[in-house]
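Quick look at query35.cif (mmCIF, C-alpha atoms):
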```
data_run
loop_
_atom_site.label_atom_id
_atom_site.label_comp_id
_atom_site.auth_asym_id
_atom_site.auth_seq_id
_atom_site.Cartn_x
_atom_site.Cartn_y
_atom_site.Cartn_z
CA MET A 1 0.00 0.00 0.00
CA LYS A 2 1.27 3.46 -0.91
CA LEU A 3 0.72 6.65 1.09
CA ILE A 4 0.51 9.88 -0.94
CA ASN A 5 0.22 13.40 0.48
CA SER A 6 0.66 15.47 -2.67
CA ILE A 7 -2.01 16.30 -5.25
CA ASP A 8 0.62 16.43 -7.98
CA GLU A 9 1.91 12.99 -7.05
CA ILE A 10 -1.45 11.23 -6.96
CA LYS A 11 -2.35 12.73 -10.33
CA LYS A 12 0.64 10.84 -11.78
CA ILE A 13 -0.78 7.43 -10.86
CA LYS A 14 -1.10 5.39 -14.04
CA LYS A 15 -4.77 4.84 -14.76
CA GLU A 16 -4.89 3.48 -18.32
CA ASN A 17 -6.96 0.30 -18.54
CA THR A 18 -7.32 0.32 -14.75
CA THR A 19 -10.61 0.80 -12.94
CA ILE A 20 -10.37 2.85 -9.77
CA GLY A 21 -12.69 2.50 -6.81
CA PHE A 22 -12.56 5.47 -4.46
CA VAL A 23 -13.61 5.69 -0.81
CA PRO A 24 -13.52 9.28 0.53
CA THR A 25 -13.33 9.45 4.34
CA MET A 26 -12.54 11.84 7.17
CA GLY A 27 -10.53 9.15 8.90
CA TYR A 28 -11.08 7.42 12.25
CA LEU A 29 -12.14 4.44 10.18
CA HIS A 30 -14.77 2.04 11.47
CA GLU A 31 -16.56 -1.02 10.08
CA GLY A 32 -18.77 1.18 7.92
CA HIS A 33 -15.73 2.54 6.11
CA VAL A 34 -14.24 -0.95 5.94
CA SER A 35 -17.38 -2.24 4.21
CA LEU A 36 -16.94 0.45 1.54
CA ILE A 37 -13.27 -0.43 1.01
CA LYS A 38 -14.14 -4.12 0.70
CA ARG A 39 -16.89 -3.38 -1.83
CA ALA A 40 -14.49 -1.22 -3.83
CA ARG A 41 -11.89 -4.01 -3.72
CA GLU A 42 -14.39 -6.49 -5.15
CA GLU A 43 -15.40 -4.24 -8.04
CA ASN A 44 -12.20 -2.48 -9.17
CA ASP A 45 -8.60 -3.04 -10.20
CA MET A 46 -7.32 -0.34 -7.84
CA VAL A 47 -8.69 1.02 -4.56
CA ILE A 48 -7.88 4.52 -3.33
CA THR A 49 -9.03 5.82 0.05
CA SER A 50 -8.70 9.45 1.05
CA ILE A 51 -8.34 10.56 4.66
CA PHE A 52 -9.04 14.27 5.11
CA VAL A 53 -10.96 16.00 7.88
CA ASN A 54 -12.58 18.61 5.66
CA PRO A 55 -12.82 21.97 7.44
CA THR A 56 -15.36 23.47 5.04
CA GLN A 57 -18.11 21.07 6.10
CA PHE A 58 -17.92 22.09 9.76
CA GLY A 59 -19.85 25.08 11.08
CA PRO A 60 -18.30 27.71 13.40
CA ASN A 61 -19.39 25.97 16.62
CA GLU A 62 -18.99 22.36 15.47
CA ASP A 63 -16.38 19.75 16.32
CA PHE A 64 -13.65 20.23 13.70
CA GLU A 65 -10.84 20.56 16.24
CA LYS A 66 -11.92 17.63 18.40
CA TYR A 67 -13.08 15.37 15.57
CA PRO A 68 -11.44 11.98 16.32
CA ARG A 69 -8.22 11.23 14.46
CA ASP A 70 -5.97 8.16 14.46
CA GLU A 71 -3.79 8.08 11.37
CA LYS A 72 -1.77 4.99 12.33
CA ARG A 73 -4.89 2.91 12.98
CA ASP A 74 -6.55 4.20 9.81
CA LEU A 75 -3.61 3.21 7.63
CA GLN A 76 -3.55 -0.24 9.19
CA LYS A 77 -7.26 -0.76 8.42
CA CYS A 78 -6.75 0.42 4.85
CA GLU A 79 -3.87 -2.00 4.29
CA GLU A 80 -5.64 -4.93 5.95
CA ASN A 81 -8.66 -4.52 3.70
CA GLY A 82 -6.95 -4.27 0.33
CA CYS A 83 -6.48 -0.57 -0.23
CA ASP A 84 -3.75 0.19 -2.80
CA ILE A 85 -3.28 3.91 -2.17
CA VAL A 86 -4.18 6.23 0.69
CA PHE A 87 -4.39 9.91 -0.21
CA LEU A 88 -3.73 11.92 2.92
CA PRO A 89 -3.42 15.61 2.02
CA GLN A 90 -2.89 18.50 4.42
CA LYS A 91 -5.42 21.32 4.74
CA GLU A 92 -3.06 23.74 2.96
CA GLU A 93 -2.79 21.34 0.02
CA MET A 94 -6.56 21.19 -0.47
CA TYR A 95 -7.39 24.78 0.47
CA PRO A 96 -4.55 27.21 -0.27
CA ASN A 97 -4.83 30.75 1.09
CA ASP A 98 -6.25 32.11 -2.18
CA PHE A 99 -9.03 29.48 -2.43
CA LEU A 100 -12.34 31.07 -3.51
CA THR A 101 -14.42 28.45 -5.35
CA TYR A 102 -17.28 26.40 -3.90
CA VAL A 103 -19.76 23.90 -5.35
CA GLU A 104 -23.32 23.79 -4.09
CA VAL A 105 -26.34 21.65 -4.99
CA GLU A 106 -29.16 24.11 -4.43
CA GLU A 107 -32.37 23.12 -2.63
CA LEU A 108 -31.31 19.56 -1.73
CA GLY A 109 -28.94 20.90 0.92
CA LYS A 110 -31.54 23.10 2.64
CA SER A 111 -33.71 20.41 4.22
CA LEU A 112 -32.99 17.78 6.91
CA CYS A 113 -29.43 18.37 8.21
CA GLY A 114 -29.12 21.48 6.07
CA LYS A 115 -31.60 23.34 8.27
CA SER A 116 -29.29 23.28 11.27
CA ARG A 117 -26.00 22.98 9.33
CA PRO A 118 -26.51 25.50 6.48
CA THR A 119 -22.96 25.38 5.08
CA HIS A 120 -22.30 21.68 5.64
CA PHE A 121 -23.23 20.26 2.25
CA ARG A 122 -21.51 23.05 0.35
CA GLY A 123 -18.32 21.90 2.06
CA VAL A 124 -19.04 18.26 1.22
CA THR A 125 -19.73 18.86 -2.47
CA THR A 126 -16.76 21.20 -2.82
CA VAL A 127 -14.24 18.77 -1.37
CA LEU A 128 -15.71 15.84 -3.32
CA THR A 129 -15.52 17.80 -6.58
CA LYS A 130 -11.86 18.43 -5.85
CA LEU A 131 -11.21 14.79 -4.93
CA PHE A 132 -13.02 13.47 -8.01
CA ASN A 133 -10.98 15.82 -10.22
CA ILE A 134 -7.73 14.82 -8.52
CA ILE A 135 -8.23 11.04 -8.42
CA LYS A 136 -10.56 10.54 -11.39
CA PRO A 137 -12.19 7.36 -10.04
CA ASP A 138 -14.55 5.16 -12.00
CA LYS A 139 -16.68 4.47 -8.93
CA ALA A 140 -16.98 6.19 -5.55
CA TYR A 141 -18.53 4.54 -2.51
CA PHE A 142 -20.74 6.14 0.15
CA GLY A 143 -22.73 4.79 3.08
CA GLN A 144 -26.51 5.04 3.20
CA LYS A 145 -26.30 6.32 6.80
CA ASP A 146 -25.57 9.75 5.32
CA ALA A 147 -28.62 9.45 3.07
CA GLN A 148 -28.96 13.15 2.31
CA GLN A 149 -25.29 13.37 1.40
CA LEU A 150 -25.62 10.36 -0.91
CA ILE A 151 -28.60 11.90 -2.73
CA ILE A 152 -26.83 15.27 -3.05
CA VAL A 153 -23.63 13.73 -4.40
CA LYS A 154 -25.55 11.71 -6.98
CA LYS A 155 -27.34 14.86 -8.14
CA MET A 156 -24.06 16.83 -8.31
CA VAL A 157 -22.44 14.14 -10.45
CA GLU A 158 -25.48 14.04 -12.74
CA ASP A 159 -25.79 17.81 -13.11
CA LEU A 160 -22.08 18.46 -13.67
CA ASN A 161 -21.58 15.48 -16.01
CA MET A 162 -18.87 14.00 -13.82
CA ASP A 163 -17.49 10.73 -15.11
CA VAL A 164 -17.86 8.75 -11.88
CA GLU A 165 -20.48 6.27 -10.74
CA ILE A 166 -21.75 6.84 -7.19
CA ILE A 167 -22.38 3.60 -5.28
CA GLY A 168 -24.57 3.68 -2.18
CA CYS A 169 -23.87 0.94 0.37
CA PRO A 170 -26.02 -0.30 3.29
CA ILE A 171 -25.83 1.15 6.79
CA VAL A 172 -23.50 -0.85 9.01
CA ARG A 173 -24.72 -1.22 12.59
CA GLU A 174 -23.36 -2.42 15.90
CA LYS A 175 -24.85 -5.67 17.19
CA ASP A 176 -27.27 -3.65 19.32
CA GLY A 177 -28.51 -1.68 16.29
CA LEU A 178 -26.64 1.61 16.72
CA ALA A 179 -25.53 2.97 13.34
CA ILE A 180 -21.73 3.01 13.32
CA SER A 181 -20.26 6.51 13.31
CA SER A 182 -16.92 8.07 14.16
CA ARG A 183 -18.80 10.37 16.55
CA ASN A 184 -20.05 7.44 18.63
CA THR A 185 -16.76 7.68 20.49
CA TYR A 186 -18.03 10.90 22.10
CA LEU A 187 -20.89 9.09 23.87
CA SER A 188 -20.78 8.23 27.56
CA PRO A 189 -22.12 4.76 28.53
CA GLU A 190 -25.46 6.28 29.54
CA GLU A 191 -25.68 8.36 26.36
CA ARG A 192 -24.91 5.33 24.25
CA LYS A 193 -27.92 3.51 25.72
CA ASP A 194 -30.09 6.49 24.83
CA ALA A 195 -28.62 6.54 21.30
CA LEU A 196 -30.06 3.06 20.68
CA LEU A 197 -33.52 4.63 20.70
CA LEU A 198 -32.90 6.19 17.28
CA ASN A 199 -32.88 2.85 15.51
CA LYS A 200 -35.70 1.57 17.73
CA SER A 201 -37.86 4.49 16.63
CA LEU A 202 -37.18 3.69 12.97
CA ILE A 203 -38.09 0.05 13.48
CA LEU A 204 -41.28 1.18 15.23
CA ALA A 205 -42.14 3.43 12.28
CA LYS A 206 -41.56 0.59 9.83
CA ASP A 207 -43.81 -1.72 11.88
CA LEU A 208 -46.57 0.90 12.04
CA ILE A 209 -46.44 1.44 8.29
CA GLU A 210 -46.43 -2.26 7.52
CA ASN A 211 -49.49 -2.63 9.74
CA GLY A 212 -51.38 -0.05 7.71
CA GLU A 213 -50.63 3.28 9.40
CA LYS A 214 -50.13 6.00 6.77
CA ASN A 215 -50.63 9.16 8.81
CA ILE A 216 -47.24 10.78 9.19
CA SER A 217 -48.21 12.85 12.25
CA THR A 218 -49.20 9.69 14.09
CA ILE A 219 -45.99 7.88 13.13
CA ARG A 220 -43.80 10.87 14.00
CA SER A 221 -45.51 11.23 17.38
CA GLU A 222 -44.79 7.59 18.27
CA MET A 223 -41.18 7.97 17.15
CA GLU A 224 -40.79 11.08 19.30
CA LYS A 225 -42.12 9.26 22.35
CA THR A 226 -39.61 6.47 21.81
CA ILE A 227 -36.59 8.74 21.27
CA LEU A 228 -37.43 10.95 24.25
CA LEU A 229 -37.43 7.98 26.58
CA GLY A 230 -33.71 8.75 26.60
CA LYS A 231 -33.14 11.61 29.04
CA ASN A 232 -30.05 12.69 27.07
CA ASN A 233 -31.89 12.91 23.75
CA THR A 234 -33.02 16.14 22.09
CA ILE A 235 -34.67 15.81 18.68
CA ASP A 236 -33.44 18.01 15.84
CA TYR A 237 -35.81 16.55 13.27
CA ILE A 238 -37.85 13.52 12.28
CA ASP A 239 -38.70 13.97 8.60
CA PHE A 240 -40.47 11.91 5.96
CA VAL A 241 -39.25 12.77 2.45
CA ASP A 242 -39.08 11.36 -1.05
CA ILE A 243 -35.78 9.72 -1.96
CA GLU A 244 -34.97 11.85 -5.02
CA LYS A 245 -35.65 15.50 -4.19
CA LEU A 246 -35.97 15.22 -0.40
CA ASN A 247 -39.35 16.93 -0.52
CA PRO A 248 -41.62 16.34 2.49
CA VAL A 249 -44.35 13.80 1.88
CA SER A 250 -47.82 14.24 3.35
CA GLU A 251 -48.72 10.54 3.44
CA ILE A 252 -46.92 7.24 3.20
CA GLN A 253 -47.04 6.12 -0.42
CA ASP A 254 -44.66 3.90 -2.39
CA LYS A 255 -41.13 4.61 -1.09
CA VAL A 256 -40.23 7.10 1.63
CA LEU A 257 -37.03 8.06 3.45
CA ILE A 258 -37.50 8.47 7.19
CA ALA A 259 -34.58 10.54 8.41
CA ILE A 260 -33.79 11.59 11.98
CA ALA A 261 -31.20 13.72 13.73
CA VAL A 262 -30.85 13.76 17.50
CA GLU A 263 -28.51 15.43 19.97
CA THR A 264 -27.56 12.75 22.47
CA GLY A 265 -25.79 14.71 25.16
CA LYS A 266 -23.55 16.99 23.09
CA THR A 267 -23.20 14.50 20.21
CA ARG A 268 -25.22 14.91 17.04
CA LEU A 269 -26.35 11.57 15.65
CA ILE A 270 -28.22 10.78 12.45
CA ASP A 271 -29.97 7.65 11.24
CA ASN A 272 -32.51 6.75 8.58
CA MET A 273 -34.55 4.03 6.97
CA VAL A 274 -36.12 3.67 3.54
CA VAL A 275 -39.60 2.16 3.78
CA GLU A 276 -41.33 0.82 0.70
CA LEU A 277 -44.96 -0.25 0.52
#
```
Would you mind writing the file's structure down as structure tokens?
Amino acid sequence: MKLINSIDEIKKIKKENTTIGFVPTMGYLHEGHVSLIKRAREENDMVITSIFVNPTQFGPNEDFEKYPRDEKRDLQKCEENGCDIVFLPQKEEMYPNDFLTYVEVEELGKSLCGKSRPTHFRGVTTVLTKLFNIIKPDKAYFGQKDAQQLIIVKKMVEDLNMDVEIIGCPIVREKDGLAISSRNTYLSPEERKDALLLNKSLILAKDLIENGEKNISTIRSEMEKTILLGKNNTIDYIDFVDIEKLNPVSEIQDKVLIAIAVETGKTRLIDNMVVEL
């Protein structure tokens, strides 16, 4: 496995007649990231993983400085799971002092997490545009846990005619159902118990829908009751949206994305489920 820090150097990687699978990450790799690397390994000749804690997707009062980092462990996980190259640029390499250009997918970034994190997705799409231009992958792999991000990235690639296929991969969960996230490390033992209520509320919603309940207010109310059983939980949103434009739906029909964001203690957690009638 090769470690590359320079944009100029990684652009020199020979790519003729070689398919490249790309896994962009912010490091502190967990089993969710590993599942993406393994999928990329199965489907491509070469696997490149990037590790870059992207400052432009953090708001002024968010956790950029304390975001968990463990480069040695990350590199070990990449090597163990068949990664060929790790691209590990410094902030100054990606965002020089005269940097002025941003990429934004309008409308899709304003709902769900975009309501409380208004600049987040602009940072995500900007850094991914740069990474796609630098690495020129054939396929890029993203987890379904960040469902809004996945939908936004697919739309960006479509609208800007980018020559990369976006692959969405299933949410990876702990044995107790908690969606795996780098931020889970922030949780105290008591907060972690409360965090389990996110997935339980989604399962409850799915059961209600499968048993004929279509009224979103009723379903949301039952989900709220479940989540707020955790004394450390504060709900940011519980939204029911279509899976293409993220528009709110008024009634359960066909396929719907149920997305939730909760502050458990001081840790912001997200989870979601796609329910199809």
| field | From A:Leu150, A:Ile252, A:Leu160, A:Ala40, residue lying nearest Gly109 (chain A) [all atoms listed in the file] | value |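 Looking only at the distances to Gly109 (chain A), the closest residue turns out to be A:Leu150.
Distance annotation: of A:Asp70, A:Glu106, A:Glu62, A:Glu251, the residue with the minimal separation from Ser182 (chain A) is A:Asp70; atom set is only C-alpha atoms.
Take CA of Arg41 (chain A) and CA of Phe142 (chain A): the distance between them is 14.0 Å.
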| field | Residues within 6 Å of region 237-242 of chain A, all atoms listed in the file, excluding chain neighbours under 3 positions, as a list in words | value | Leu246, Asn247, Pro248, Val249, Val256, Leu257, Ile258, Ala259, Ile260 and Ala261 of chain A
Taking the file as shown, find all residues satisfying the PyMOL selection byres ((chain A and resi 20-22) around 8) and write them as a compact mmCIF listing (two decimals) with C-alpha atoms, in the frame of the given file.
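See part.txt below for the written result:
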```txt
# COMPACT_ATOMS: atom_id res chain seq x y z
CA LYS A 15 -4.77 4.84 -14.76
CA THR A 18 -7.32 0.32 -14.75
CA THR A 19 -10.61 0.80 -12.94
CA VAL A 23 -13.61 5.69 -0.81
CA PRO A 24 -13.52 9.28 0.53
CA ALA A 40 -14.49 -1.22 -3.83
CA ARG A 41 -11.89 -4.01 -3.72
CA GLU A 43 -15.40 -4.24 -8.04
CA ASN A 44 -12.20 -2.48 -9.17
CA ASP A 45 -8.60 -3.04 -10.20
CA MET A 46 -7.32 -0.34 -7.84
CA VAL A 47 -8.69 1.02 -4.56
CA ILE A 48 -7.88 4.52 -3.33
CA THR A 49 -9.03 5.82 0.05
CA SER A 50 -8.70 9.45 1.05
CA LYS A 136 -10.56 10.54 -11.39
CA PRO A 137 -12.19 7.36 -10.04
CA ASP A 138 -14.55 5.16 -12.00
CA LYS A 139 -16.68 4.47 -8.93
CA ALA A 140 -16.98 6.19 -5.55
CA TYR A 141 -18.53 4.54 -2.51
```
Selection under test: the PyMOL selection byres ((chain A and resi 1-9) around 6); residues as a CSV table (one decimal) with C-alpha atoms, keeping the file's coordinate frame:
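And here's result_39.csv as it stands now:
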```csv
chain,number,residue,atom,x,y,z
A,10,ILE,CA,-1.4,11.2,-7.0
A,11,LYS,CA,-2.4,12.7,-10.3
A,12,LYS,CA,0.6,10.8,-11.8
A,84,ASP,CA,-3.8,0.2,-2.8
A,85,ILE,CA,-3.3,3.9,-2.2
A,86,VAL,CA,-4.2,6.2,0.7
A,87,PHE,CA,-4.4,9.9,-0.2
A,88,LEU,CA,-3.7,11.9,2.9
A,89,PRO,CA,-3.4,15.6,2.0
```
| said: I'd like the neighbourhood of Arg183 (chain A) as JSON, numbers by chain, where a residue qualifies if any of its atoms comes within 12 Å (using all atoms listed in the file), though same-chain residues fewer than 6 positions away should be ignored. | reply: {"A": [26, 27, 28, 29, 30, 63, 64, 66, 67, 68, 69, 192, 195, 263, 264, 265, 266, 267, 268, 269, 270]}
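Proximity to Ala179 (chain A) was assessed for A:Ile235, A:Leu198, A:Ile152, A:Ile167 counting all atoms listed in the file; the smallest distance is recorded for A:Leu198.
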| request: Show which residues sit within 10 Å of region 94-97 of chain A, as a ChimeraX atom specification. Count all atoms listed in the file, and ignore same-chain residues fewer than 3 positions away. | output: /A:6-7,52,54-56,89-91,100-101,127,130-131
| Gap from CA of Ala205 (chain A) to CA of Ile171 (chain A) - Å, one decimal |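 It comes out at 17.4 Å.
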| Quick one: which residues end up in the PyMOL selection byres ((chain A and resi 178) around 10) for this structure, as a ChimeraX atom specification? | /A:171-177,179-181,184,192-193,195-200,271
Take the residues from that selection and write them out as an mmCIF file, keeping the file's coordinate frame, keeping C-alpha atoms.
```cif
data_model
loop_
_atom_site.group_PDB
_atom_site.id
_atom_site.type_symbol
_atom_site.label_atom_id
_atom_site.label_comp_id
_atom_site.auth_asym_id
_atom_site.auth_seq_id
_atom_site.Cartn_x
_atom_site.Cartn_y
_atom_site.Cartn_z
ATOM 1 C CA ILE A 171 -25.830 1.150 6.790
ATOM 2 C CA VAL A 172 -23.500 -0.850 9.010
ATOM 3 C CA ARG A 173 -24.720 -1.220 12.590
ATOM 4 C CA GLU A 174 -23.360 -2.420 15.900
ATOM 5 C CA LYS A 175 -24.850 -5.670 17.190
ATOM 6 C CA ASP A 176 -27.270 -3.650 19.320
ATOM 7 C CA GLY A 177 -28.510 -1.680 16.290
ATOM 8 C CA ALA A 179 -25.530 2.970 13.340
ATOM 9 C CA ILE A 180 -21.730 3.010 13.320
ATOM 10 C CA SER A 181 -20.260 6.510 13.310
ATOM 11 C CA ASN A 184 -20.050 7.440 18.630
ATOM 12 C CA ARG A 192 -24.910 5.330 24.250
ATOM 13 C CA LYS A 193 -27.920 3.510 25.720
ATOM 14 C CA ALA A 195 -28.620 6.540 21.300
ATOM 15 C CA LEU A 196 -30.060 3.060 20.680
ATOM 16 C CA LEU A 197 -33.520 4.630 20.700
ATOM 17 C CA LEU A 198 -32.900 6.190 17.280
ATOM 18 C CA ASN A 199 -32.880 2.850 15.510
ATOM 19 C CA LYS A 200 -35.700 1.570 17.730
ATOM 20 C CA ASP A 271 -29.970 7.650 11.240
#
```
